[in-house]
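Each remark here refers to the structure printed beneath this line.
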Amino acid sequence: MERKISEQLFAEAKQYFPGGVSSPVRAFKSVGGCPLFIKKGDGAYIWDEDDHRFIDFCCSWGPLILGHNNAEVREAIIEAVSNGTSFGTPTRYENKLAKLLLDNNRFIEKMRFVSSGTEAVMSAIRLARGVTGKSKILKFEGCYHGHVDSLLVKAGSGLVTFGVSTSAGIPEAFAKETIVLPLNDTGAVEKLFIEASPDIACVIIEPIPANNGLLLQTKAYLKELRDLCTKYNILLIFDEVISGFRVGFEGAAGLYGIQPDIVTYGKIIGGGMPVGAYAASAAIMGSVSPEGPVYQAGTLSGNPVAMAAGFASASQLLAPGFYEEMEAKTKRFVKRLEDYCSMKGYEVSFPTVGSIFWIAFTKETISSAEQIDPKSMDKFKILHSELLDRNVYLGPSGYEVGFISAAHSEGLLEEATAKICAAMDVVFA
Ligand SMILES: *Cc1c(COP(=O)(O)O)cnc(C)c1O
C-alpha cells in the first residue's frame with residue numbers, strides 16, 4: 001500500500017515537532033513505519049491523505065463512541081460556533097451539559113469542567129490533598145492517569161516501592177510523594193495503610209485499567225479497595241477518563257456499584273472536543289475555588305462549542321438499550337475472533353468489557369502489568385501492519401485497547417473479523 005502523502009507530511013512534521021507529532025504514541029514508534037495522516041472520518045471509517053479507507057478501532061483513543069462525524073454532534077457544534085467560540089464567562093451550555101450528566105449519575109453531585117483528562121486528574125489529586133491535608137498518593141502499576149508529574153511514576157519490583165519517575169524532568173521530591181503498588185493485591189494496600197495512612201491523601205485507580213492492555217479487576221477487589229479507603233480515612237479517586245460513559249452512562253462506578261470519593265472524566269465527555277471534568281459530592285466539591293481553598297482555573301474551561309458537542313453526544317448515550325447493544329455487539333465480535341483463533345490453536349485472547357476490547361498474545365488471564373510479556377509486542381507489530389494493508393486501523397501500540405462505536409455495524413464487524421483472522425494467519429505462520 002502506497003503511503004506517499006503521509007510520508008511527505010510526516011517528513012515535514014519532523015521539522016516542526018519533536019518526533020513529528022503532538023502526542024507520542026501517534027508516531028508509530030512501537031509498530032514501525034510511517035504514521036497515517038488522517039484527513040476525514042465518517043461513521044466507523046477514517047480516510048488517510050493517500051485516500052485509503054480504514055475501519056477504525058481507535059476512534060480517537062476512545063472519545064468517539066458514536067463514531068466519526070456524528071450528525072447530531074456536528075450540527076450542535078455548528079450551531080454553537082455560529083454565535084462565537086469563547087467568552088471566558090459562564091454560558092448556558094455548561095449548565096445544560098452538567099445537568100444532563102449529574103441527573104443521570106448517582107455517584108456525583110457537583111462537577112468542574114476542564115480541558116483534558118490530564119487536567120482533570122491533576123485537579124482531582126490537588127482536591128484530595130486539599131480536603132485531607134495529607135500529601136502522599138497511591139497509584140497502581142499499569143494505570144495511566146495522563147502526564148501529571150506525580151503520576152508518571154512506575155514501581156520497581158518491591159512490594160511497596162516509593163516512586164521512581166518514568167519521565168525526565170520530574171523532581172525526585174515529587175516522585176517521592178507517589179507510592180506505587182501492583183494491581184489486584186489488597187494485602188499490599190492494607191499493609192501500606194497500616195504503616196502510612198496518616199500521610200496518604202488518596203488512592204487513584206483506573207477501575208477498568210485500559211492503558212496498559214486491559215487489566216480487568218474483579219468487583220470484589222474494587223469493593224475491598226473502597227472499604228480499605230473508608231476504614232483508613234483515605235479518599236478514593238476513580239479515574240474514569242476511559243471507562244466513563246463507555247461501560248455505561250455511570251461508568252465503572254455504576255457498572256460495579258461502587259461509590260468513589262472523586263471521579264475524573266475525559267475522552268467521551270466532550271463528544272470529540274477537548275473536555276475533561278472532575279466530580280464528587282457537593283461537600284467535597286465545596287473545597288474547590290471560589291467556594292473553597294483549592295485553586296483551579298482555566299481560560300477555555302467549559303468552552304461553549306465543546307459543551308454543545310458533549311451534550312449532543314451524551315444525550316444519545318441515554319437512549320434506552322444503548323449500552324446493552326454496544327456490549328452485545330462487541331461480545332459477538334470478540335467471540336467470532338476467539339472461535340477462529342482457538343480453532344487454529346493460536347496463542348491469543350481478546351479480553352473485553354462493554355465496547356472495549358484488547359488483543360492479548362497469551363491465553364493467560366492478565367490482571368496486572370507485569371504479567372504482560374514484552375516479547376508479545378513483536379506479534380502485535382506484525383498484526384498491526386497486516387491490518388493496515390487490509391484497511392483496518394488499530395491504535396499503533398499493543399498496549400492500547402480497541403474501541404467499538406455505535407457506527408460499527410454488524411456487517412462491518414463481520415468484515416473486520418475476516419480481515420483480523422486473515423492477519424492472524426500471517427502472525428502465526
Ligand atoms: C486518556 C487518559 C488520561 C489522560 O487524558 P488526556 O485527555 O489525554 O490528557 C487520563 N486517565 C486515563 C485513564 C486515560 O485513559
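Chain labels run A, B, ... following the order of the C-alpha cells; each chain numbers its residues from 1, and ligands are numbered from 1 in the order shown.
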Please identify all polymer residues within 7 Å of Leu66 of chain A, counting only C-alpha atoms, omitting same-chain residues fewer than 5 positions from it, and present them as a list of chain:residue names.
A:Ser405, A:Ala406, A:Ala407
Counting only C-alpha atoms, what is within 10 Å of Leu394 of chain A, bar same-chain residues fewer than 5 positions away, as a list in words?
Phe54, Ile55, Asp56, Phe57, Cys58, Cys59, Trp61, Leu383, His384, Ser385, Leu387, Leu388, Glu400, Val401, Gly402 and Phe403 of chain A
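Minimum atom-to-atom distance to ligand 1, evaluated using only C-alpha atoms and all ligand atoms, belongs to A:Val263 out of A:Ala128, A:Val263, A:Leu181, A:Val31.
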Can you pull out every residue with an atom within 9 Å of ligand 1? Use only C-alpha atoms and all ligand atoms and format it as a VMD selection string.
chain A and resid 23 61 to 62 115 to 121 143 to 148 205 to 211 238 to 243 264 to 267 274 to 276
Determine which residues of segment 103-350 of chain A DSSP labels as helix (DSSP H, G or I) from the backbone of this structure, then write them out as JSON, numbers by chain.
{"A": [103, 117, 118, 119, 120, 121, 122, 123, 124, 125, 126, 127, 128, 129, 130, 131, 132, 149, 150, 151, 172, 173, 174, 175, 186, 187, 188, 189, 190, 191, 192, 193, 194, 195, 196, 197, 198, 199, 219, 220, 221, 222, 223, 224, 225, 226, 227, 228, 229, 230, 231, 251, 252, 253, 254, 255, 256, 267, 268, 269, 270, 282, 283, 284, 285, 304, 305, 306, 307, 308, 309, 310, 311, 312, 313, 314, 315, 316, 317, 322, 323, 324, 325, 326, 327, 328, 329, 330, 331, 332, 333, 334, 335, 336, 337, 338, 339, 340, 341, 342, 343, 344]}
As a check of understanding: the span from atom CA of Leu300 of chain A to atom CA of Met285 of chain A is 20.1 Å
In terms of the shortest atom-to-atom distance over only C-alpha atoms, which of A:Gly213, A:Pro63, A:Gly298, A:Pro24 is closest to Gly398 of chain A?
A:Gly213
Would you mind listing what lies within 12 Å of Gln371 of chain A as a PyMOL selection string, with only C-alpha atoms counted and same-chain residues fewer than 2 positions away left out?
chain A and resi 141-142+182-184+212-215+360-369+373-376
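Using only C-alpha atoms, the shortest contact distance between Phe333 of chain A and any of A:His408, A:Arg126, A:His68, A:Lys99 is found at A:His408.
The coordinates place atom CA of Leu216 of chain A at 26.5 Å from atom CA of Ser313 of chain A.
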